[in-house]
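Listing of input00.tsv; format and content: TSV, C-alpha atoms.
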```tsv
chain	number	residue	atom	x	y	z
W	1	MET	CA	109.51	102.31	126.11
W	2	GLY	CA	108.07	105.75	125.46
W	3	LYS	CA	105.06	106.49	123.35
W	4	PHE	CA	107.29	107.25	120.37
W	5	GLY	CA	109.02	103.90	120.77
W	6	LYS	CA	105.73	102.04	120.99
W	7	GLU	CA	104.38	103.55	117.74
W	8	PHE	CA	107.68	102.78	116.06
W	9	ALA	CA	107.99	99.18	117.24
W	10	LYS	CA	104.45	98.07	116.36
W	11	GLY	CA	105.05	98.50	112.63
W	12	ILE	CA	107.91	96.02	112.65
W	13	ILE	CA	106.16	92.91	113.99
W	14	ILE	CA	102.68	93.38	115.52
W	15	THR	CA	101.25	95.28	112.55
W	16	ASN	CA	103.89	94.50	109.94
W	17	PRO	CA	102.50	96.07	106.75
W	18	VAL	CA	103.29	93.13	104.49
W	19	PHE	CA	102.83	90.03	106.64
W	20	VAL	CA	100.11	91.18	109.03
W	21	LEU	CA	98.22	94.08	107.45
W	22	VAL	CA	98.87	92.57	103.98
W	23	LEU	CA	99.02	96.05	102.48
W	24	GLY	CA	101.04	97.14	99.48
W	25	LEU	CA	101.40	93.65	98.05
W	26	CYS	CA	101.52	94.78	94.42
W	27	PRO	CA	104.97	96.45	94.63
W	28	THR	CA	106.10	93.82	97.14
W	29	LEU	CA	105.39	90.99	94.72
W	30	ALA	CA	106.70	92.79	91.68
W	31	ILE	CA	109.99	94.28	92.80
W	32	SER	CA	111.22	91.75	95.35
W	33	THR	CA	113.54	90.11	92.82
W	34	SER	CA	116.76	91.58	94.20
W	35	ILE	CA	118.10	93.25	97.32
W	36	ASP	CA	118.89	96.39	95.27
W	37	ASN	CA	115.25	96.77	94.22
W	38	ALA	CA	114.04	96.13	97.77
W	39	LEU	CA	116.24	98.93	99.11
W	40	GLY	CA	115.28	101.32	96.30
W	41	MET	CA	111.58	100.72	96.92
W	42	THR	CA	112.10	101.13	100.68
W	43	LEU	CA	113.75	104.50	100.12
W	44	ALA	CA	110.84	105.66	97.96
W	45	VAL	CA	108.28	104.46	100.50
W	46	LEU	CA	110.23	106.05	103.36
W	47	ILE	CA	110.24	109.49	101.72
W	48	VAL	CA	106.59	109.36	100.67
W	49	LEU	CA	105.21	107.81	103.87
W	50	LEU	CA	107.20	110.09	106.17
W	51	GLY	CA	106.23	113.15	104.14
W	52	SER	CA	102.56	112.27	103.88
W	53	ASN	CA	102.26	111.26	107.56
W	54	ILE	CA	103.88	114.53	108.71
W	55	ILE	CA	101.81	116.78	106.44
W	56	ILE	CA	98.54	115.00	107.11
W	57	ALA	CA	99.07	114.93	110.89
W	58	ALA	CA	99.93	118.64	110.79
W	59	ILE	CA	96.80	119.67	108.91
W	60	ARG	CA	94.46	117.02	110.37
W	61	ASN	CA	92.46	119.52	112.45
W	62	TYR	CA	91.70	121.73	109.45
W	63	VAL	CA	90.71	119.08	106.92
W	64	PRO	CA	86.92	118.68	106.65
W	65	ASN	CA	85.75	115.11	106.67
W	66	ILE	CA	84.14	115.17	103.23
W	67	THR	CA	87.27	116.30	101.35
W	68	ARG	CA	89.86	114.39	103.34
W	69	ILE	CA	90.43	111.61	100.78
W	70	PRO	CA	91.01	113.97	97.80
W	71	ILE	CA	93.32	116.09	99.92
W	72	PHE	CA	95.31	113.05	101.11
W	73	ILE	CA	95.56	111.73	97.56
W	74	VAL	CA	96.77	115.07	96.18
W	75	ILE	CA	99.45	115.27	98.87
W	76	ILE	CA	100.55	111.66	98.33
W	77	ALA	CA	100.54	112.00	94.53
W	78	THR	CA	102.66	115.14	94.79
W	79	LEU	CA	105.21	113.43	97.03
W	80	VAL	CA	105.37	110.40	94.73
W	81	THR	CA	105.92	112.60	91.67
W	82	VAL	CA	108.67	114.48	93.48
W	83	VAL	CA	110.36	111.19	94.42
W	84	ASN	CA	109.92	110.00	90.83
W	85	LEU	CA	111.63	113.08	89.39
W	86	ILE	CA	114.44	113.01	91.94
W	87	PHE	CA	115.11	109.30	91.41
W	88	HIS	CA	115.09	109.82	87.64
W	89	ALA	CA	117.61	112.63	87.95
W	90	TYR	CA	119.93	111.27	90.62
W	91	LEU	CA	119.41	107.48	90.89
W	92	PRO	CA	118.81	106.47	87.24
W	93	ALA	CA	119.69	102.80	87.78
W	94	THR	CA	117.17	102.43	90.62
W	95	TYR	CA	114.63	104.37	88.59
W	96	GLU	CA	115.05	101.94	85.69
W	97	ALA	CA	114.86	98.87	87.90
W	98	LEU	CA	111.70	99.94	89.74
W	99	GLY	CA	110.02	100.96	86.49
W	100	ILE	CA	106.27	101.42	86.71
W	101	TYR	CA	106.22	100.45	90.40
W	102	LEU	CA	107.81	103.74	91.44
W	103	PRO	CA	104.93	105.95	90.22
W	104	LEU	CA	102.56	103.27	91.50
W	105	VAL	CA	103.68	103.97	95.07
W	106	VAL	CA	100.86	106.51	94.87
W	107	VAL	CA	98.31	103.71	95.08
W	108	ASN	CA	100.31	101.71	97.58
W	109	CYS	CA	97.75	101.02	100.29
W	110	ILE	CA	100.35	101.35	103.03
W	111	ILE	CA	100.53	105.07	102.42
W	112	LEU	CA	96.88	106.01	102.15
W	113	GLY	CA	96.15	103.37	104.80
W	114	ARG	CA	98.46	105.00	107.32
W	115	ALA	CA	97.21	108.48	106.40
W	116	GLU	CA	93.62	107.47	106.96
W	117	ALA	CA	94.04	105.07	109.89
W	118	PHE	CA	96.80	106.81	111.78
W	119	ALA	CA	98.15	110.22	110.73
W	120	SER	CA	94.72	111.85	110.50
W	121	LYS	CA	94.06	110.98	114.15
W	122	HIS	CA	97.47	111.42	115.82
W	123	THR	CA	100.10	114.08	116.48
W	124	VAL	CA	103.00	114.81	114.15
W	125	ALA	CA	105.51	113.13	116.48
W	126	GLN	CA	103.46	109.94	116.73
W	127	SER	CA	102.92	109.93	112.98
W	128	ILE	CA	106.66	110.20	112.36
W	129	ALA	CA	107.19	107.21	114.66
W	130	ASP	CA	104.44	105.32	112.84
W	131	ALA	CA	105.91	106.09	109.41
W	132	LEU	CA	109.41	105.03	110.46
W	133	GLY	CA	108.13	101.83	112.07
W	134	MET	CA	106.02	100.93	109.05
W	135	THR	CA	108.93	101.59	106.69
W	136	VAL	CA	111.27	99.40	108.74
W	137	GLY	CA	108.63	96.66	108.80
W	138	PHE	CA	108.17	97.01	105.04
W	139	MET	CA	111.93	96.97	104.48
W	140	LEU	CA	112.50	93.84	106.59
W	141	ALA	CA	109.69	92.03	104.79
W	142	LEU	CA	111.00	93.09	101.37
W	143	LEU	CA	114.57	92.15	102.25
W	144	MET	CA	113.50	88.71	103.46
W	145	ILE	CA	111.45	87.99	100.34
W	146	SER	CA	113.98	89.37	97.88
W	147	PHE	CA	116.91	87.64	99.60
W	148	ILE	CA	115.20	84.27	99.19
W	149	ARG	CA	114.10	85.03	95.62
W	150	GLN	CA	117.46	86.38	94.50
W	151	VAL	CA	119.51	83.55	96.05
W	152	LEU	CA	117.28	80.71	94.82
W	153	GLY	CA	116.31	82.34	91.53
W	154	THR	CA	119.78	83.41	90.39
W	155	GLY	CA	121.99	81.16	92.52
W	156	SER	CA	124.08	84.09	93.68
W	157	LEU	CA	123.82	87.27	95.70
W	158	SER	CA	125.08	90.63	94.58
W	159	VAL	CA	124.24	93.96	96.16
W	160	PHE	CA	124.85	97.21	94.25
W	161	GLY	CA	127.16	95.49	91.78
W	162	VAL	CA	129.24	93.74	94.47
W	163	ASP	CA	129.12	89.95	94.18
W	164	LEU	CA	128.81	88.51	97.67
W	165	PHE	CA	128.61	84.78	96.95
W	166	THR	CA	127.59	82.22	94.35
W	167	LEU	CA	126.09	78.93	95.43
W	168	PRO	CA	127.84	75.80	94.08
W	169	VAL	CA	125.01	74.00	92.26
W	170	LEU	CA	122.37	76.73	92.06
W	171	GLY	CA	124.89	79.10	90.45
W	172	GLU	CA	124.89	76.83	87.40
W	173	HIS	CA	121.22	75.87	87.50
W	174	PRO	CA	119.18	78.53	89.30
W	175	ILE	CA	115.53	77.82	90.13
W	176	ALA	CA	114.17	80.44	87.75
W	177	ILE	CA	110.61	80.18	89.10
W	178	PHE	CA	111.64	82.23	92.14
W	179	ILE	CA	112.52	85.23	89.96
W	180	LEU	CA	109.23	84.99	88.10
W	181	PRO	CA	106.07	86.62	89.51
W	182	TYR	CA	104.57	83.36	90.80
W	183	GLY	CA	107.74	82.75	92.80
W	184	ALA	CA	106.86	85.86	94.78
W	185	PHE	CA	103.51	84.39	95.76
W	186	ILE	CA	105.14	81.13	96.85
W	187	VAL	CA	107.78	82.86	98.97
W	188	ILE	CA	105.39	85.37	100.52
W	189	GLY	CA	102.81	82.68	101.28
W	190	LEU	CA	105.33	80.37	102.93
W	191	LEU	CA	106.83	83.18	105.02
W	192	MET	CA	103.39	84.37	106.11
W	193	GLY	CA	102.43	80.82	107.06
W	194	LEU	CA	105.67	80.38	108.97
W	195	PHE	CA	105.15	83.58	110.96
W	196	ARG	CA	101.56	82.67	111.81
W	197	ARG	CA	102.41	79.07	112.71
W	198	THR	CA	105.24	80.04	115.01
W	199	GLY	CA	103.14	82.76	116.58
W	200	VAL	CA	105.60	85.55	115.79
W	201	MET	CA	102.85	87.46	114.01
W	202	LYS	CA	99.13	87.19	114.54
W	203	GLU	CA	96.18	88.28	112.47
D	1	MET	CA	75.09	136.76	109.68
D	2	PRO	CA	74.06	133.10	109.91
D	3	ALA	CA	73.47	132.74	106.16
D	4	ASN	CA	76.99	133.90	105.50
D	5	LYS	CA	78.36	131.51	108.08
D	6	LYS	CA	76.54	128.61	106.48
D	7	PHE	CA	77.93	129.56	103.10
D	8	TRP	CA	81.45	129.50	104.49
D	9	LYS	CA	80.92	126.15	106.09
D	10	GLN	CA	79.96	124.71	102.73
D	11	ALA	CA	82.59	126.54	100.71
D	12	PHE	CA	85.49	125.85	103.05
D	13	PRO	CA	86.25	122.28	101.85
D	14	ILE	CA	86.39	123.51	98.24
D	15	VAL	CA	88.59	126.47	99.11
D	16	LEU	CA	90.93	124.27	101.13
D	17	LEU	CA	91.18	121.65	98.39
D	18	THR	CA	91.94	124.41	95.86
D	19	ILE	CA	94.69	125.78	98.09
D	20	VAL	CA	96.19	122.33	98.64
D	21	VAL	CA	96.19	121.61	94.90
D	22	ALA	CA	97.70	125.03	94.11
D	23	VAL	CA	100.52	124.50	96.62
D	24	CYS	CA	101.20	121.00	95.30
D	25	VAL	CA	101.24	122.11	91.67
D	26	SER	CA	103.69	124.93	92.39
D	27	LEU	CA	105.94	122.55	94.28
D	28	LEU	CA	105.87	120.09	91.36
D	29	SER	CA	106.68	122.68	88.73
D	30	TYR	CA	109.58	123.88	90.88
D	31	ILE	CA	110.99	120.35	91.31
D	32	ASP	CA	110.48	119.70	87.59
D	33	SER	CA	112.41	122.86	86.69
D	34	ILE	CA	115.40	121.87	88.83
D	35	THR	CA	115.52	118.23	87.72
D	36	ARG	CA	114.69	118.58	84.02
D	37	GLU	CA	118.21	119.32	82.80
D	38	LYS	CA	119.69	116.57	84.91
D	39	ILE	CA	117.15	114.05	83.60
D	40	SER	CA	117.77	114.81	79.93
D	41	ALA	CA	121.54	114.71	80.53
D	42	GLN	CA	121.03	111.36	82.22
D	43	GLU	CA	119.12	110.00	79.20
D	44	ASP	CA	121.79	111.26	76.81
D	45	GLU	CA	124.40	109.59	78.96
D	46	ALA	CA	122.47	106.28	78.81
D	47	VAL	CA	122.27	106.38	74.99
D	48	LYS	CA	125.96	107.24	74.79
D	49	ALA	CA	126.89	104.33	77.07
D	50	LEU	CA	124.90	101.90	74.90
D	51	ILE	CA	126.44	103.13	71.66
D	52	THR	CA	129.93	103.05	73.17
D	53	ASP	CA	129.42	99.35	73.91
D	54	ILE	CA	129.14	98.74	70.17
D	55	PHE	CA	131.52	101.48	68.99
D	56	PRO	CA	134.23	101.76	71.69
D	57	ASP	CA	136.01	104.52	69.75
D	58	MET	CA	132.98	106.80	69.52
D	59	SER	CA	133.61	110.41	70.40
D	60	ARG	CA	130.32	111.92	69.28
D	61	TYR	CA	127.11	111.06	67.48
D	62	GLU	CA	124.45	112.81	65.44
D	63	PHE	CA	120.83	111.87	65.76
D	64	LYS	CA	118.57	112.25	62.73
D	65	ASN	CA	115.45	110.36	61.58
D	66	ASP	CA	115.84	107.75	64.33
D	67	ILE	CA	119.38	106.92	63.21
D	68	TYR	CA	122.48	107.69	65.23
D	69	THR	CA	125.45	108.40	62.98
D	70	VAL	CA	128.55	107.61	65.01
D	71	TYR	CA	131.86	109.46	64.62
D	72	SER	CA	135.32	109.23	66.10
D	73	ASP	CA	136.43	112.86	65.72
D	74	ASP	CA	135.75	113.34	61.98
D	75	THR	CA	135.86	109.73	60.83
D	76	LYS	CA	132.49	108.10	60.37
D	77	LEU	CA	132.41	104.79	62.26
D	78	GLY	CA	128.93	103.70	61.29
D	79	TYR	CA	125.29	103.88	62.26
D	80	ALA	CA	123.22	102.81	65.23
D	81	PHE	CA	119.47	102.54	65.63
D	82	LEU	CA	116.86	100.83	67.75
D	83	ALA	CA	115.01	97.72	66.60
D	84	THR	CA	112.04	96.13	68.33
D	85	GLY	CA	111.30	92.43	68.21
D	86	LYS	CA	108.27	90.49	69.45
D	87	GLY	CA	109.71	88.04	71.92
D	88	TYR	CA	108.15	85.27	73.95
D	89	GLY	CA	107.41	87.54	76.90
D	90	GLY	CA	106.89	90.93	75.25
D	91	ASP	CA	108.83	93.46	73.25
D	92	ILE	CA	112.60	93.17	72.98
D	93	SER	CA	114.38	96.44	72.36
D	94	ILE	CA	117.73	96.11	70.59
D	95	LEU	CA	120.34	98.68	69.67
D	96	VAL	CA	121.89	97.69	66.34
D	97	GLY	CA	125.22	99.04	65.12
D	98	LEU	CA	126.21	98.93	61.42
D	99	SER	CA	129.80	99.54	60.36
D	100	ASP	CA	128.59	100.37	56.83
D	101	GLU	CA	125.50	99.81	54.68
D	102	THR	CA	126.02	96.05	54.46
D	103	THR	CA	127.63	94.80	57.66
D	104	VAL	CA	126.53	94.57	61.28
D	105	LYS	CA	129.06	95.99	63.74
D	106	GLY	CA	127.37	94.59	66.82
D	107	ILE	CA	124.13	94.54	68.78
D	108	LYS	CA	123.13	95.26	72.35
D	109	ILE	CA	119.86	94.28	74.05
D	110	VAL	CA	118.43	97.41	75.64
D	111	SER	CA	115.42	95.91	77.36
D	112	GLN	CA	113.61	92.58	77.37
D	113	THR	CA	111.12	90.61	79.44
D	114	GLU	CA	111.97	87.09	78.30
D	115	THR	CA	111.88	84.08	80.62
D	116	PRO	CA	114.76	84.38	83.08
D	117	GLY	CA	117.40	81.71	82.55
D	118	LEU	CA	116.10	80.80	79.09
D	119	GLY	CA	115.09	83.60	76.71
D	120	SER	CA	116.74	86.24	78.85
D	121	ARG	CA	120.10	84.77	77.81
D	122	ILE	CA	119.77	86.79	74.57
D	123	THR	CA	121.46	89.57	76.58
D	124	GLU	CA	124.58	87.44	77.16
D	125	SER	CA	127.62	88.05	75.01
D	126	PHE	CA	127.88	84.47	73.73
D	127	PHE	CA	124.70	85.22	71.79
D	128	THR	CA	125.13	88.90	70.87
D	129	ASP	CA	128.79	88.46	69.86
D	130	GLN	CA	127.66	86.24	66.99
D	131	PHE	CA	126.32	89.31	65.19
D	132	LYS	CA	129.70	91.02	64.99
D	133	GLY	CA	130.85	91.52	61.42
D	134	VAL	CA	128.01	89.50	59.88
D	135	ALA	CA	126.55	90.76	56.59
D	136	ILE	CA	122.96	91.94	57.02
D	137	ASN	CA	121.75	89.30	54.53
D	138	ASN	CA	123.28	86.55	56.66
D	139	VAL	CA	121.57	87.63	59.87
D	140	ALA	CA	119.31	84.58	60.25
D	141	LEU	CA	119.27	81.47	62.41
D	142	SER	CA	121.59	78.71	61.20
D	143	ARG	CA	118.68	76.33	60.57
D	144	ASP	CA	117.37	78.95	58.10
D	145	GLY	CA	120.75	79.17	56.43
D	146	GLY	CA	122.07	82.12	58.39
D	147	LYS	CA	125.06	82.65	60.62
D	148	ILE	CA	123.44	82.95	64.05
D	149	ASP	CA	123.05	79.95	66.36
D	150	ALA	CA	119.82	80.03	68.37
D	151	ILE	CA	119.95	79.59	72.14
D	152	THR	CA	118.93	76.05	73.11
D	153	GLY	CA	115.36	76.09	74.38
D	154	SER	CA	114.79	79.71	73.38
D	155	THR	CA	114.13	79.60	69.67
D	156	ILE	CA	111.34	82.17	69.84
D	157	SER	CA	113.46	84.73	71.69
D	158	SER	CA	116.45	84.07	69.44
D	159	SER	CA	114.53	84.39	66.20
D	160	ALA	CA	112.74	87.51	67.47
D	161	VAL	CA	116.11	89.20	67.91
D	162	VAL	CA	117.50	87.92	64.61
D	163	ASN	CA	114.43	88.96	62.61
D	164	ALA	CA	114.18	92.36	64.25
D	165	VAL	CA	117.87	93.07	63.60
D	166	ARG	CA	117.74	91.97	59.95
D	167	ASP	CA	114.43	93.59	59.03
D	168	THR	CA	115.15	96.89	60.76
D	169	ALA	CA	118.68	96.99	59.34
D	170	MET	CA	117.38	96.49	55.79
D	171	GLU	CA	114.78	99.19	56.29
D	172	LYS	CA	117.31	101.66	57.71
D	173	VAL	CA	119.82	100.96	54.94
D	174	LYS	CA	117.11	101.73	52.39
D	175	GLN	CA	116.41	104.93	54.26
D	176	LEU	CA	120.13	105.82	54.33
D	177	GLU	CA	120.57	105.15	50.63
D	178	GLY	CA	117.48	107.13	49.84
D	179	SER	CA	118.79	110.19	51.67
D	180	ASP	CA	122.25	110.17	50.01
```

Please, can you express the file's structure as structure tokens?
Amino acid sequence: MGKFGKEFAKGIIITNPVFVLVLGLCPTLAISTSIDNALGMTLAVLIVLLGSNIIIAAIRNYVPNITRIPIFIVIIATLVTVVNLIFHAYLPATYEALGIYLPLVVVNCIILGRAEAFASKHTVAQSIADALGMTVGFMLALLMISFIRQVLGTGSLSVFGVDLFTLPVLGEHPIAIFILPYGAFIVIGLLMGLFRRTGVMKE
Amino acid sequence: MPANKKFWKQAFPIVLLTIVVAVCVSLLSYIDSITREKISAQEDEAVKALITDIFPDMSRYEFKNDIYTVYSDDTKLGYAFLATGKGYGGDISILVGLSDETTVKGIKIVSQTETPGLGSRITESFFTDQFKGVAINNVALSRDGGKIDAITGSTISSSAVVNAVRDTAMEKVKQLEGSD
């Protein structure tokens, strides 16, 4: 595996942003109620993280240490606002569903975390690999959590308006707690415990 | 000139930050200018879709003083307006349609944060359909002598919708009569 591959792969399991780094939990908990939301949030994070990692890696040698955080924040905030406007104009349903959590990507620790811990110290190519790996890791985590929450909490699974299946008993009596915010904590905690216990992911 | 060099070393971070902010602001105003029209069209479209749910024959509407007057070509179909109720989990936003000054044409829940599976069932048609063709005065829960059956286990959500619809409708009717 080349260097690019290594930076990409680490984000998926070894330093999975949600289960291992435990970054960006606020949007993860809030929007993981359906597969649609998970994919919408992933798209937003992909655009912002890729953009901020590329720009920050490109200018890393010119940014003085004392102003690096304000500069990173301005760049990230700009990208988030751009994504916000574009989603509002072209993906109104996703924009509605993500609500306040779309502008809040700006304070998603994954993004500033990767800018500070990775992009400001590595080349553009490595930072692209890092951003893609982190996004895939984030997406897999979100999909896992929202799959469980959507199936148990609504008793059925539909993706972008297409009904995939409805469970026999749960379809009539869904376990509503899984759709509510505390359901997110239960699911995320159990998954994290499972991954630690089985040794798939370590601290 | 060492003094000059020192000055530059101190000023550089400020200059760079200013440049970064200037570039970002220009980019944002550019993106805003190309998406603004699309966004307002999108919002219009959303309002239209909601009103069409209540008035399927709508061809156009006029918006004045928070009231949408709905027309099919030149025939007036009725009025639509937003009502807000205090539900169990937060505000419930409801679009109310009136076929004339006394009768409800239908309602549509625009947004709500009620308990999923219980209060959130106010969005389902078995509940909202009960409002169709009911006189404004009769919009009340059946236990209070009205025509609307509450959802089992969700009395607070149900009565929030009922009260918001009735109170806002009465207020808007007064407003409509006042302007005629």

Legend entry - Distance query W:Asn16 at most 10 Å, only C-alpha atoms, self and fewer than 5 positions along chain excluded, as a list of chain:residue names: W:Ala9, W:Lys10, W:Gly11, W:Leu21, W:Val22, W:Leu23, W:Gly133, W:Met134, W:Thr135, W:Val136, W:Gly137, W:Phe138, W:Leu140, W:Ala141, W:Met201, W:Lys202

Would you mind exporting C-alpha atoms of the selected residues as an mmCIF file, keeping the file's coordinate frame?
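Saved as part-v6.cif:
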```
data_model
loop_
_atom_site.group_PDB
_atom_site.id
_atom_site.type_symbol
_atom_site.label_atom_id
_atom_site.label_comp_id
_atom_site.auth_asym_id
_atom_site.auth_seq_id
_atom_site.Cartn_x
_atom_site.Cartn_y
_atom_site.Cartn_z
ATOM 1 C CA ALA W 9 107.990 99.180 117.240
ATOM 2 C CA LYS W 10 104.450 98.070 116.360
ATOM 3 C CA GLY W 11 105.050 98.500 112.630
ATOM 4 C CA LEU W 21 98.220 94.080 107.450
ATOM 5 C CA VAL W 22 98.870 92.570 103.980
ATOM 6 C CA LEU W 23 99.020 96.050 102.480
ATOM 7 C CA GLY W 133 108.130 101.830 112.070
ATOM 8 C CA MET W 134 106.020 100.930 109.050
ATOM 9 C CA THR W 135 108.930 101.590 106.690
ATOM 10 C CA VAL W 136 111.270 99.400 108.740
ATOM 11 C CA GLY W 137 108.630 96.660 108.800
ATOM 12 C CA PHE W 138 108.170 97.010 105.040
ATOM 13 C CA LEU W 140 112.500 93.840 106.590
ATOM 14 C CA ALA W 141 109.690 92.030 104.790
ATOM 15 C CA MET W 201 102.850 87.460 114.010
ATOM 16 C CA LYS W 202 99.130 87.190 114.540
#
```

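Any residue of chain W with an atom no more than 8 Å from chain D counts as a contact; using all atoms listed in the file, that gives Val63, Pro64, Ile66, Thr67, Pro70, Ile71, Val74, Ile75, Thr78, Thr81, Val82, Leu85, Ile86, His88, Ala89, Tyr90, Pro92, Pro174, Ala176, Ile179 and Leu180 of chain W.
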
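Using only C-alpha atoms, the smallest distance between any of D:Lys147, D:Lys6, D:Lys174, D:Arg166 and D:Ala83 comes from D:Arg166.
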
Legend entry - stretch 62-77 of chain D surroundings by only C-alpha atoms, 10 Å radius, close-in-sequence under 3 positions cut, as a list in words: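 Selected residues are Val47, Ile51, Thr52, Phe55, Pro56, Asp57, Met58, Ser59, Ala80, Phe81, Leu82, Gly97, Leu98, Ser99, Asp100, Lys105, Lys172, Gln175 and Leu176 of chain D.
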
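For the pair atom CA of D:Lys132 and atom CA of D:Gly90, the interatomic distance is 25.0 Å.
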
Legend entry - W:Leu98 environment, 12 Å, only C-alpha atoms, sequence neighbours closer than 6 positions dropped, as a list in words: Pro27, Thr28, Ala30, Ile31, Ser32, Thr33, Ser34, Ile35, Asp36, Asn37, Ala38, Leu39, Gly40, Met41, Thr42, Leu43, Ala44, Asn84, Phe87, His88, Leu91, Pro92, Leu104 and Val105 of chain W

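The gap separating atom CA of D:Gly153 from atom CA of D:Glu124 is 14.9 Å, in Å to one decimal.
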
Inset, instruction - Excluding W:Lys3 and any residue of its chain fewer than 3 positions from it, enumerate the residues within 8 Å of it, using all atoms listed in the file, and give them as a VMD selection string. - result: chain W and resid 6 to 7 126

Output C-alpha atoms for every residue in that selection, as an mmCIF file, in the frame of the given file.
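And here's out_13.cif as it stands now:
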```cif
data_model
loop_
_atom_site.group_PDB
_atom_site.id
_atom_site.type_symbol
_atom_site.label_atom_id
_atom_site.label_comp_id
_atom_site.auth_asym_id
_atom_site.auth_seq_id
_atom_site.Cartn_x
_atom_site.Cartn_y
_atom_site.Cartn_z
ATOM 1 C CA LYS W 6 105.730 102.040 120.990
ATOM 2 C CA GLU W 7 104.380 103.550 117.740
ATOM 3 C CA GLN W 126 103.460 109.940 116.730
#
```

Legend entry - Contacts of stretch 46-59 of chain W within 8 Å, only C-alpha atoms, excl. fewer than 3 positions in-chain, as a list in words: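 Here the qualifying residues turn out to be Thr42, Leu43, Tyr62, Val63, Phe72, Ile75, Ile76, Leu79, Val80, Val83, Ile111, Arg114, Ala115, Ala119, Ser120, Lys121, His122, Thr123, Val124, Ser127, Ile128, Ala131, Leu132 and Thr135 of chain W.
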
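Between atom CA of D:Ile54 and atom CA of D:Val110 the separation is 12.1 Å.
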
Inset, instruction - Would you please work out which residue, of D:Ser120, D:Ser26, D:Thr84, D:Ser125, is nearest to D:Val162 when using only C-alpha atoms? - result: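 Selected residue with least distance to D:Val162: D:Thr84.
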
Legend entry - Protein and nucleic acid residues near (117.8, 87.8, 58.4) (cut-off 12 Å, all atoms listed in the file) as an MDAnalysis selection string: chainID D and resid 104 131 134:148 158:171

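For the residues W:Ile145, W:Ala93, W:Cys109, W:Val45, ranking by smallest atom-to-atom distance to W:Ile73 using only C-alpha atoms places W:Cys109 first.
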